[in-house]
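K.L.:
This one is protein14.cif, mmCIF, C-alpha atoms; chains and numbers go by the auth columns.
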```
data_final
loop_
_atom_site.group_PDB
_atom_site.id
_atom_site.type_symbol
_atom_site.label_atom_id
_atom_site.label_comp_id
_atom_site.label_asym_id
_atom_site.label_seq_id
_atom_site.Cartn_x
_atom_site.Cartn_y
_atom_site.Cartn_z
_atom_site.B_iso_or_equiv
_atom_site.auth_seq_id
_atom_site.auth_asym_id
ATOM 1 C CA MET A 1 -7.375 68.857 111.675 0.00 28 A
ATOM 2 C CA GLU A 2 -9.541 71.548 110.090 0.00 29 A
ATOM 3 C CA GLN A 3 -11.355 71.490 106.770 0.00 30 A
ATOM 4 C CA THR A 4 -9.355 73.595 104.335 0.00 31 A
ATOM 5 C CA ILE A 5 -11.196 73.416 101.018 0.00 32 A
ATOM 6 C CA GLN A 6 -14.215 71.927 99.260 0.00 33 A
ATOM 7 C CA LYS A 7 -13.664 70.917 95.655 0.00 34 A
ATOM 8 C CA LYS A 8 -16.039 69.971 92.828 0.00 35 A
ATOM 9 C CA VAL A 9 -14.871 66.987 90.763 0.00 36 A
ATOM 10 C CA PRO A 10 -16.687 66.248 87.458 0.00 37 A
ATOM 11 C CA VAL A 11 -17.245 62.518 87.050 0.00 38 A
ATOM 12 C CA GLY A 12 -18.884 62.420 83.603 0.00 39 A
ATOM 13 C CA GLY A 13 -22.386 61.663 82.438 0.00 40 A
ATOM 14 C CA GLY A 14 -23.597 65.068 83.533 0.00 41 A
ATOM 15 C CA SER A 15 -22.800 64.558 87.199 0.00 42 A
ATOM 16 C CA TRP A 16 -20.113 65.472 89.720 0.00 43 A
ATOM 17 C CA VAL A 17 -19.026 64.889 93.296 0.00 44 A
ATOM 18 C CA THR A 18 -17.806 67.385 95.840 0.00 45 A
ATOM 19 C CA VAL A 19 -15.042 66.523 98.271 0.00 46 A
ATOM 20 C CA ASP A 20 -14.256 68.066 101.644 0.00 47 A
ATOM 21 C CA VAL A 21 -10.515 68.285 102.229 0.00 48 A
ATOM 22 C CA TYR A 22 -9.036 68.426 105.718 0.00 49 A
ATOM 23 C CA GLY A 23 -5.397 69.321 106.306 0.00 50 A
ATOM 24 C CA GLU A 24 -2.875 69.776 103.495 0.00 51 A
ATOM 25 C CA PRO A 25 -4.593 69.135 100.132 0.00 52 A
ATOM 26 C CA ASP A 26 -1.443 68.067 98.273 0.00 53 A
ATOM 27 C CA ALA A 27 -0.006 65.893 101.050 0.00 54 A
ATOM 28 C CA PRO A 28 -0.254 62.086 101.112 0.00 55 A
ATOM 29 C CA GLY A 29 -3.579 61.285 102.657 0.00 56 A
ATOM 30 C CA LEU A 30 -6.630 59.202 103.367 0.00 57 A
ATOM 31 C CA VAL A 31 -9.735 59.179 101.143 0.00 58 A
ATOM 32 C CA VAL A 32 -13.013 58.549 103.005 0.00 59 A
ATOM 33 C CA VAL A 33 -16.093 57.136 101.229 0.00 60 A
ATOM 34 C CA PRO A 34 -19.394 57.290 103.191 0.00 61 A
ATOM 35 C CA GLY A 35 -22.205 54.825 102.620 0.00 62 A
ATOM 36 C CA VAL A 36 -25.989 54.943 102.257 0.00 63 A
ATOM 37 C CA MET A 37 -27.935 57.411 104.432 0.00 64 A
ATOM 38 C CA SER A 38 -24.756 59.419 104.979 0.00 65 A
ATOM 39 C CA ASP A 39 -22.803 62.253 103.398 0.00 66 A
ATOM 40 C CA ALA A 40 -19.501 64.068 103.761 0.00 67 A
ATOM 41 C CA HIS A 41 -20.851 66.343 106.476 0.00 68 A
ATOM 42 C CA ALA A 42 -21.692 63.363 108.687 0.00 69 A
ATOM 43 C CA TRP A 43 -18.025 62.341 108.624 0.00 70 A
ATOM 44 C CA GLY A 44 -16.643 65.745 109.600 0.00 71 A
ATOM 45 C CA ARG A 45 -15.986 64.874 113.228 0.00 72 A
ATOM 46 C CA VAL A 46 -14.119 61.705 112.293 0.00 73 A
ATOM 47 C CA ALA A 47 -12.030 63.472 109.633 0.00 74 A
ATOM 48 C CA GLY A 48 -11.230 66.326 111.990 0.00 75 A
ATOM 49 C CA ALA A 49 -9.952 63.947 114.669 0.00 76 A
ATOM 50 C CA ILE A 50 -7.567 61.968 112.433 0.00 77 A
ATOM 51 C CA ASP A 51 -3.851 62.648 112.951 0.00 78 A
ATOM 52 C CA ALA A 52 -2.038 59.845 111.140 0.00 79 A
ATOM 53 C CA TRP A 53 -2.415 61.307 107.648 0.00 80 A
ATOM 54 C CA PRO A 54 -1.564 64.929 106.782 0.00 81 A
ATOM 55 C CA SER A 55 -4.711 65.157 104.651 0.00 82 A
ATOM 56 C CA VAL A 56 -8.171 63.582 104.692 0.00 83 A
ATOM 57 C CA VAL A 57 -10.415 63.780 101.613 0.00 84 A
ATOM 58 C CA VAL A 58 -14.085 62.993 102.309 0.00 85 A
ATOM 59 C CA VAL A 59 -16.105 62.151 99.211 0.00 86 A
ATOM 60 C CA ASN A 60 -19.672 63.448 99.055 0.00 87 A
ATOM 61 C CA ARG A 61 -21.045 60.776 96.757 0.00 88 A
ATOM 62 C CA ARG A 62 -23.459 61.734 93.968 0.00 89 A
ATOM 63 C CA GLY A 63 -27.095 62.047 94.946 0.00 90 A
ATOM 64 C CA ARG A 64 -26.287 64.307 97.897 0.00 91 A
ATOM 65 C CA ALA A 65 -26.219 68.092 98.071 0.00 92 A
ATOM 66 C CA SER A 66 -23.985 69.637 96.818 0.00 93 A
ATOM 67 C CA SER A 67 -22.923 66.774 94.558 0.00 94 A
ATOM 68 C CA GLY A 68 -24.628 65.926 91.279 0.00 95 A
ATOM 69 C CA PRO A 69 -27.487 63.548 90.445 0.00 96 A
ATOM 70 C CA LEU A 70 -27.252 59.762 90.361 0.00 97 A
ATOM 71 C CA THR A 71 -28.410 59.792 86.671 0.00 98 A
ATOM 72 C CA ASP A 72 -30.372 57.030 84.928 0.00 99 A
ATOM 73 C CA ALA A 73 -27.183 55.048 84.220 0.00 100 A
ATOM 74 C CA TYR A 74 -26.353 54.740 87.924 0.00 101 A
ATOM 75 C CA SER A 75 -24.971 51.441 89.219 0.00 102 A
ATOM 76 C CA LEU A 76 -22.465 50.119 91.723 0.00 103 A
ATOM 77 C CA ARG A 77 -19.912 50.349 88.930 0.00 104 A
ATOM 78 C CA THR A 78 -20.708 54.077 88.644 0.00 105 A
ATOM 79 C CA GLU A 79 -19.589 54.521 92.250 0.00 106 A
ATOM 80 C CA VAL A 80 -16.349 52.643 91.656 0.00 107 A
ATOM 81 C CA GLU A 81 -15.604 54.757 88.590 0.00 108 A
ATOM 82 C CA ASP A 82 -16.407 57.974 90.481 0.00 109 A
ATOM 83 C CA LEU A 83 -13.908 57.002 93.157 0.00 110 A
ATOM 84 C CA GLY A 84 -11.341 56.341 90.440 0.00 111 A
ATOM 85 C CA VAL A 85 -11.794 59.919 89.214 0.00 112 A
ATOM 86 C CA VAL A 86 -11.308 61.228 92.762 0.00 113 A
ATOM 87 C CA LEU A 87 -8.128 59.166 93.129 0.00 114 A
ATOM 88 C CA ALA A 88 -6.804 60.618 89.877 0.00 115 A
ATOM 89 C CA GLU A 89 -7.580 64.116 91.159 0.00 116 A
ATOM 90 C CA PHE A 90 -5.899 63.442 94.521 0.00 117 A
ATOM 91 C CA ASP A 91 -3.045 61.283 93.289 0.00 118 A
ATOM 92 C CA SER A 92 -1.111 61.596 96.532 0.00 119 A
ATOM 93 C CA ALA A 93 -3.674 59.426 98.339 0.00 120 A
ATOM 94 C CA ARG A 94 -2.074 56.565 100.220 0.00 121 A
ATOM 95 C CA ALA A 95 -5.107 54.907 101.788 0.00 122 A
ATOM 96 C CA LEU A 96 -8.846 54.417 101.318 0.00 123 A
ATOM 97 C CA PHE A 97 -11.441 54.137 104.060 0.00 124 A
ATOM 98 C CA GLY A 98 -15.046 53.232 103.371 0.00 125 A
ATOM 99 C CA TRP A 99 -18.084 52.725 105.583 0.00 126 A
ATOM 100 C CA SER A 100 -20.888 50.249 104.787 0.00 127 A
ATOM 101 C CA TYR A 101 -21.771 50.644 101.067 0.00 128 A
ATOM 102 C CA GLY A 102 -18.753 52.947 100.834 0.00 129 A
ATOM 103 C CA GLY A 103 -16.633 50.099 102.194 0.00 130 A
ATOM 104 C CA LEU A 104 -17.689 47.878 99.312 0.00 131 A
ATOM 105 C CA ILE A 105 -16.943 50.686 96.857 0.00 132 A
ATOM 106 C CA THR A 106 -13.401 51.097 98.199 0.00 133 A
ATOM 107 C CA LEU A 107 -12.719 47.363 98.132 0.00 134 A
ATOM 108 C CA LEU A 108 -13.828 47.148 94.504 0.00 135 A
ATOM 109 C CA ALA A 109 -11.885 50.274 93.535 0.00 136 A
ATOM 110 C CA ALA A 110 -8.763 48.574 94.877 0.00 137 A
ATOM 111 C CA ASN A 111 -9.223 45.965 92.141 0.00 138 A
ATOM 112 C CA ASP A 112 -8.709 48.735 89.554 0.00 139 A
ATOM 113 C CA HIS A 113 -6.185 50.990 91.276 0.00 140 A
ATOM 114 C CA PRO A 114 -3.017 50.148 93.207 0.00 141 A
ATOM 115 C CA ILE A 115 -3.285 51.524 96.733 0.00 142 A
ATOM 116 C CA SER A 116 -1.143 51.033 99.809 0.00 143 A
ATOM 117 C CA GLN A 117 -3.981 50.386 102.239 0.00 144 A
ATOM 118 C CA VAL A 118 -7.745 49.887 102.266 0.00 145 A
ATOM 119 C CA ILE A 119 -9.736 50.077 105.486 0.00 146 A
ATOM 120 C CA ALA A 120 -13.444 49.196 105.498 0.00 147 A
ATOM 121 C CA TYR A 121 -15.918 49.509 108.386 0.00 148 A
ATOM 122 C CA GLU A 122 -18.671 46.897 108.162 0.00 149 A
ATOM 123 C CA PRO A 123 -18.744 46.770 104.353 0.00 150 A
ATOM 124 C CA VAL A 124 -21.921 45.289 102.888 0.00 151 A
ATOM 125 C CA MET A 125 -22.338 43.195 99.767 0.00 152 A
ATOM 126 C CA PRO A 126 -25.240 41.744 97.796 0.00 153 A
ATOM 127 C CA PRO A 127 -27.705 40.431 98.676 0.00 154 A
ATOM 128 C CA PHE A 128 -28.363 43.099 101.286 0.00 155 A
ATOM 129 C CA GLY A 129 -31.750 44.534 102.221 0.00 156 A
ATOM 130 C CA ARG A 130 -33.304 43.007 99.117 0.00 157 A
ATOM 131 C CA HIS A 131 -36.514 42.143 100.968 0.00 158 A
ATOM 132 C CA ALA A 132 -37.169 45.857 101.580 0.00 159 A
ATOM 133 C CA LEU A 133 -36.900 46.924 97.937 0.00 160 A
ATOM 134 C CA PRO A 134 -40.633 46.638 97.036 0.00 161 A
ATOM 135 C CA GLU A 135 -41.715 48.912 99.887 0.00 162 A
ATOM 136 C CA LEU A 136 -38.818 51.287 99.287 0.00 163 A
ATOM 137 C CA LYS A 137 -39.865 51.552 95.650 0.00 164 A
ATOM 138 C CA VAL A 138 -43.405 52.572 96.648 0.00 165 A
ATOM 139 C CA ALA A 139 -42.043 55.159 99.076 0.00 166 A
ATOM 140 C CA ASP A 140 -39.578 56.465 96.501 0.00 167 A
ATOM 141 C CA GLU A 141 -42.223 56.850 93.791 0.00 168 A
ATOM 142 C CA ALA A 142 -44.422 58.769 96.256 0.00 169 A
ATOM 143 C CA SER A 143 -41.459 60.847 97.526 0.00 170 A
ATOM 144 C CA ASP A 144 -42.494 59.635 100.978 0.00 171 A
ATOM 145 C CA TRP A 145 -39.156 60.172 102.684 0.00 172 A
ATOM 146 C CA ASP A 146 -40.599 59.625 106.166 0.00 173 A
ATOM 147 C CA ARG A 147 -41.565 56.122 105.102 0.00 174 A
ATOM 148 C CA SER A 148 -38.154 55.552 103.503 0.00 175 A
ATOM 149 C CA VAL A 149 -36.412 56.432 106.768 0.00 176 A
ATOM 150 C CA GLU A 150 -38.713 54.093 108.667 0.00 177 A
ATOM 151 C CA ILE A 151 -38.039 51.233 106.251 0.00 178 A
ATOM 152 C CA VAL A 152 -34.273 51.507 106.342 0.00 179 A
ATOM 153 C CA ASN A 153 -34.209 51.675 110.124 0.00 180 A
ATOM 154 C CA ARG A 154 -36.839 49.019 110.881 0.00 181 A
ATOM 155 C CA GLN A 155 -36.690 46.534 108.013 0.00 182 A
ATOM 156 C CA ILE A 156 -33.021 46.744 107.056 0.00 183 A
ATOM 157 C CA SER A 157 -31.048 47.856 110.115 0.00 184 A
ATOM 158 C CA GLY A 158 -33.413 46.067 112.506 0.00 185 A
ATOM 159 C CA PHE A 159 -33.907 48.914 114.965 0.00 186 A
ATOM 160 C CA SER A 160 -36.972 48.997 117.201 0.00 187 A
ATOM 161 C CA ALA A 161 -40.056 51.141 116.720 0.00 188 A
ATOM 162 C CA ALA A 162 -39.045 53.040 119.860 0.00 189 A
ATOM 163 C CA HIS A 163 -35.674 53.812 118.283 0.00 190 A
ATOM 164 C CA VAL A 164 -37.368 55.249 115.194 0.00 191 A
ATOM 165 C CA GLU A 165 -39.702 57.349 117.323 0.00 192 A
ATOM 166 C CA GLY A 166 -36.651 58.665 119.170 0.00 193 A
ATOM 167 C CA LEU A 167 -35.131 59.689 115.848 0.00 194 A
ATOM 168 C CA ARG A 168 -38.369 61.346 114.788 0.00 195 A
ATOM 169 C CA ALA A 169 -38.440 63.395 117.998 0.00 196 A
ATOM 170 C CA ASP A 170 -35.266 65.169 116.902 0.00 197 A
ATOM 171 C CA GLN A 171 -36.738 67.461 114.234 0.00 198 A
ATOM 172 C CA ASP A 172 -33.409 68.573 112.754 0.00 199 A
ATOM 173 C CA GLY A 173 -31.997 65.057 112.769 0.00 200 A
ATOM 174 C CA TRP A 174 -35.141 63.631 111.178 0.00 201 A
ATOM 175 C CA ALA A 175 -35.080 66.297 108.474 0.00 202 A
ATOM 176 C CA MET A 176 -31.487 65.313 107.690 0.00 203 A
ATOM 177 C CA LEU A 177 -32.429 61.621 107.462 0.00 204 A
ATOM 178 C CA ARG A 178 -35.288 62.491 105.104 0.00 205 A
ATOM 179 C CA ARG A 179 -32.864 64.359 102.826 0.00 206 A
ATOM 180 C CA LEU A 180 -30.370 61.494 102.877 0.00 207 A
ATOM 181 C CA SER A 181 -33.076 58.955 101.994 0.00 208 A
ATOM 182 C CA GLY A 182 -33.525 60.460 98.513 0.00 209 A
ATOM 183 C CA PRO A 183 -31.007 58.162 96.772 0.00 210 A
ATOM 184 C CA LEU A 184 -31.679 55.202 99.090 0.00 211 A
ATOM 185 C CA TYR A 185 -33.877 53.101 96.801 0.00 212 A
ATOM 186 C CA ALA A 186 -31.655 53.563 93.738 0.00 213 A
ATOM 187 C CA GLU A 187 -28.527 52.726 95.726 0.00 214 A
ATOM 188 C CA LEU A 188 -29.950 49.615 97.359 0.00 215 A
ATOM 189 C CA ARG A 189 -31.452 48.450 94.064 0.00 216 A
ATOM 190 C CA SER A 190 -28.096 48.891 92.324 0.00 217 A
ATOM 191 C CA LEU A 191 -26.271 47.072 95.105 0.00 218 A
ATOM 192 C CA ASN A 192 -28.551 44.074 94.761 0.00 219 A
ATOM 193 C CA ALA A 193 -28.392 44.164 90.954 0.00 220 A
ATOM 194 C CA ALA A 194 -24.599 43.911 90.943 0.00 221 A
ATOM 195 C CA LEU A 195 -23.003 40.946 89.227 0.00 222 A
ATOM 196 C CA PRO A 196 -21.583 38.226 91.472 0.00 223 A
ATOM 197 C CA LEU A 197 -18.458 39.571 93.142 0.00 224 A
ATOM 198 C CA GLY A 198 -15.121 37.816 93.038 0.00 225 A
ATOM 199 C CA GLU A 199 -11.951 38.595 94.933 0.00 226 A
ATOM 200 C CA MET A 200 -11.795 42.176 96.216 0.00 227 A
ATOM 201 C CA ALA A 201 -8.963 44.627 96.881 0.00 228 A
ATOM 202 C CA GLN A 202 -6.591 42.723 94.616 0.00 229 A
ATOM 203 C CA GLN A 203 -4.260 45.714 94.161 0.00 230 A
ATOM 204 C CA ALA A 204 -4.180 46.784 97.816 0.00 231 A
ATOM 205 C CA ASP A 205 -1.013 46.080 99.753 0.00 232 A
ATOM 206 C CA LEU A 206 -2.906 45.995 103.068 0.00 233 A
ATOM 207 C CA VAL A 207 -6.585 45.435 103.802 0.00 234 A
ATOM 208 C CA GLU A 208 -8.010 46.148 107.259 0.00 235 A
ATOM 209 C CA LEU A 209 -11.641 45.296 108.037 0.00 236 A
ATOM 210 C CA ILE A 210 -13.373 46.801 111.067 0.00 237 A
ATOM 211 C CA ILE A 211 -16.519 45.539 112.763 0.00 238 A
ATOM 212 C CA GLY A 212 -18.336 47.090 115.689 0.00 239 A
ATOM 213 C CA GLN A 213 -18.372 44.792 118.704 0.00 240 A
ATOM 214 C CA CYS A 214 -22.181 45.000 118.937 0.00 241 A
ATOM 215 C CA ASN A 215 -22.631 43.637 115.399 0.00 242 A
ATOM 216 C CA ARG A 216 -20.193 40.731 115.438 0.00 243 A
ATOM 217 C CA GLY A 217 -22.003 37.674 114.118 0.00 244 A
ATOM 218 C CA SER A 218 -25.362 39.481 114.015 0.00 245 A
ATOM 219 C CA ALA A 219 -27.576 40.279 111.018 0.00 246 A
ATOM 220 C CA PRO A 220 -27.572 42.315 108.959 0.00 247 A
ATOM 221 C CA TYR A 221 -24.181 44.009 109.246 0.00 248 A
ATOM 222 C CA GLY A 222 -22.193 41.300 110.988 0.00 249 A
ATOM 223 C CA THR A 223 -23.366 38.557 108.649 0.00 250 A
ATOM 224 C CA SER A 224 -22.686 40.688 105.562 0.00 251 A
ATOM 225 C CA PHE A 225 -19.254 41.488 107.006 0.00 252 A
ATOM 226 C CA ASP A 226 -18.515 37.761 107.246 0.00 253 A
ATOM 227 C CA LYS A 227 -19.472 37.304 103.583 0.00 254 A
ATOM 228 C CA VAL A 228 -17.155 40.123 102.530 0.00 255 A
ATOM 229 C CA ARG A 229 -14.266 38.503 104.392 0.00 256 A
ATOM 230 C CA GLN A 230 -14.611 35.435 102.174 0.00 257 A
ATOM 231 C CA HIS A 231 -13.775 37.599 99.136 0.00 258 A
ATOM 232 C CA ILE A 232 -10.527 39.046 100.513 0.00 259 A
ATOM 233 C CA VAL A 233 -7.681 36.622 101.005 0.00 260 A
ATOM 234 C CA HIS A 234 -5.314 38.980 102.815 0.00 261 A
ATOM 235 C CA ALA A 235 -7.506 40.982 105.187 0.00 262 A
ATOM 236 C CA SER A 236 -6.932 41.618 108.880 0.00 263 A
ATOM 237 C CA VAL A 237 -9.952 42.063 111.174 0.00 264 A
ATOM 238 C CA HIS A 238 -10.270 44.636 113.953 0.00 265 A
ATOM 239 C CA GLU A 239 -13.089 45.252 116.419 0.00 266 A
ATOM 240 C CA LEU A 240 -14.301 48.604 117.717 0.00 267 A
ATOM 241 C CA PRO A 241 -15.431 47.986 121.310 0.00 268 A
ATOM 242 C CA GLY A 242 -18.932 48.961 122.341 0.00 269 A
ATOM 243 C CA GLN A 243 -20.007 50.146 118.901 0.00 270 A
ATOM 244 C CA GLY A 244 -22.373 49.148 116.119 0.00 271 A
ATOM 245 C CA HIS A 245 -22.886 50.417 112.598 0.00 272 A
ATOM 246 C CA LEU A 246 -23.105 54.128 113.440 0.00 273 A
ATOM 247 C CA ALA A 247 -19.750 54.620 115.146 0.00 274 A
ATOM 248 C CA HIS A 248 -19.009 57.701 113.038 0.00 275 A
ATOM 249 C CA LEU A 249 -21.947 59.439 114.740 0.00 276 A
ATOM 250 C CA GLN A 250 -21.844 57.848 118.178 0.00 277 A
ATOM 251 C CA ALA A 251 -18.082 57.551 118.763 0.00 278 A
ATOM 252 C CA PRO A 252 -16.244 59.643 116.131 0.00 279 A
ATOM 253 C CA ALA A 253 -13.130 60.183 118.251 0.00 280 A
ATOM 254 C CA GLU A 254 -12.790 56.464 119.029 0.00 281 A
ATOM 255 C CA LEU A 255 -13.174 55.572 115.350 0.00 282 A
ATOM 256 C CA ALA A 256 -10.607 58.209 114.350 0.00 283 A
ATOM 257 C CA HIS A 257 -8.143 56.872 116.923 0.00 284 A
ATOM 258 C CA LEU A 258 -8.570 53.356 115.566 0.00 285 A
ATOM 259 C CA LEU A 259 -7.888 54.603 112.046 0.00 286 A
ATOM 260 C CA ASP A 260 -4.767 56.350 113.337 0.00 287 A
ATOM 261 C CA ARG A 261 -3.548 53.086 114.882 0.00 288 A
ATOM 262 C CA LEU A 262 -4.205 51.146 111.690 0.00 289 A
ATOM 263 C CA ALA A 263 -2.168 53.659 109.700 0.00 290 A
ATOM 264 C CA ALA A 264 0.926 52.523 111.549 0.00 291 A
ATOM 265 C CA ILE A 265 0.485 48.829 110.647 0.00 292 A
#
```
Could the structure of this file be written out as structure tokens, please?

P.N.:
Amino acid sequence: MEQTIQKKVPVGGGSWVTVDVYGEPDAPGLVVVPGVMSDAHAWGRVAGAIDAWPSVVVVNRRGRASSGPLTDAYSLRTEVEDLGVVLAEFDSARALFGWSYGGLITLLAANDHPISQVIAYEPVMPPFGRHALPELKVADEASDWDRSVEIVNRQISGFSAAHVEGLRADQDGWAMLRRLSGPLYAELRSLNAALPLGEMAQQADLVELIIGQCNRGSAPYGTSFDKVRQHIVHASVHELPGQGHLAHLQAPAELAHLLDRLAAI
């Protein structure tokens, strides 16, 4: 499936989001919501490999080029409301898919909007990464994006120093991570400032949760995943073999095929 259009969607408060549309824009489709340290471009290979829906709409959340600023009023609720605006704009959407922080956003949006199906890959929920906030704040205030990338990979995701050095060796990839770290502190702060969460996805007919095999039962993503499950009474759980949190980058075709299979449930 090829990208057909990119559309700017005003979301109020002086900001906007852009969306990349693959396939037939007016056909019933899937809306994809990326998480922290990601953008719509990073999900292009997954969107392009999906066959089960005639359209795929990938949201480029605010704080990323070419979407608008987070604004001073930014919160987790802002993200949920932004997604509501996108759903109103693409009212033929039949399913939501979110990754990580985007997974939490989709699950909460399905409390406000009736939707046939919600799929979430390793959604996170508060508290998550709270211990890293003081150092992220220092890095953010100094615009030290190298340090921000190091913190999220070492202190939050738990990757090794060798892994980070491998990332740094890829100049283009590291430059992209630096750009994506701009909204990191504000997003993680807002996630941890959210009010206690109750039942999620109350208006979704079907809820499918995906976890990478490598993260099952392991902190931070597997343990957060288990907490999310406790807030959804009607969710099914699926495992993506051989993968961790970054399946959209490391195994985009496999993730797309799993999404295709879940569409038939």

K.L.:
Once the PyMOL selection byres ((chain A and resi 121) around 7) is applied to the coordinates I shared, what remains selected? I want it as a PyMOL selection string.

P.N.:
chain A and resi 55-57+119-120+122+142-144

K.L.:
Which residue out of A:Asp53, A:Ile237, A:Arg256, A:Pro279 has the minimum interatomic distance to Pro81 in chain A when all atoms listed in the file are used?

P.N.:
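Closest residue, counting all atoms listed in the file: A:Asp53.
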
K.L.:
For Leu114 in chain A, which of A:Ser102, A:Pro161, A:Val38, A:Ser175 is the closest residue, counting all atoms listed in the file?

P.N.:
A:Val38

K.L.:
In Å, rounded to a single decimal, give me how far CA of Val84 in chain A is from CA of Glu29 in chain A.

P.N.:
11.5 Å

K.L.:
My list of candidates is A:Glu235, A:Asp171, A:Asp78, A:Glu177. Which is closest to Gly209 in chain A when distances are computed with all atoms listed in the file?

P.N.:
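Checking each candidate against Gly209 in chain A, we get A:Asp171 as the closest.
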
K.L.:
Which value, in Å to one decimal, gives the distance between CA of Met28 in chain A and CA of Gly50 in chain A?

P.N.:
5.7 Å

K.L.:
Need the shell around Ala137 in chain A: protein/DNA/RNA residues with any atom at most 7 Å away, counting all atoms listed in the file. Skip same-chain ones fewer than 5 positions apart. Format as a PDB file with C-alpha atoms, in the frame of the given file?

P.N.:
```
ATOM      1  CA  ILE A 142      -3.285  51.524  96.733  1.00  0.00           C
ATOM      2  CA  ALA A 228      -8.963  44.627  96.881  1.00  0.00           C
ATOM      3  CA  GLN A 229      -6.591  42.723  94.616  1.00  0.00           C
ATOM      4  CA  GLN A 230      -4.260  45.714  94.161  1.00  0.00           C
ATOM      5  CA  ALA A 231      -4.180  46.784  97.816  1.00  0.00           C
TER       6      ALA A 231
END
```

K.L.:
Report as a VMD selection string all protein, DNA and RNA residues lying within 6 Å of Val36 in chain A, evaluated on only C-alpha atoms, omitting residues in the same chain fewer than 5 positions from it.

P.N.:
chain A and resid 43 to 45

K.L.:
Any idea what the distance is between CA of Gly200 in chain A and CA of Gly185 in chain A?

P.N.:
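Distance reported for this atom pair: 19.0 Å.
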
K.L.:
Enumerate, in order of chain and increasing residue number, the residues of range 145-256 of chain A with an atom no farther than 12 Å from range 96-100 of chain A, each with its shortest atom pair and distance in Å to one decimal, counting only C-alpha atoms, as CSV.

P.N.:
```
residue,atom,partner,partner_atom,distance
A:Gly209,CA,A:Leu97,CA,10.3
A:Pro210,CA,A:Leu97,CA,7.6
A:Leu211,CA,A:Leu97,CA,10.8
A:Tyr212,CA,A:Leu97,CA,11.4
A:Ala213,CA,A:Leu97,CA,8.3
A:Glu214,CA,A:Leu97,CA,8.9
A:Ser217,CA,A:Ala100,CA,10.2
```

K.L.:
Evaluate the PyMOL selection byres ((chain A and resi 149-157) around 7) on the structure here and hand back the selected residues as a list in words.

P.N.:
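Evaluating the PyMOL selection byres ((chain A and resi 149-157) around 7) on these coordinates yields Trp126, Ser127, Tyr128, Gly130, Leu131, Ala147, Tyr148, His158, Ala159, Leu160, Ile183, Leu218, Asn219, Ile237, Ile238, Tyr248, Ser251, Phe252 and Val255 of chain A.
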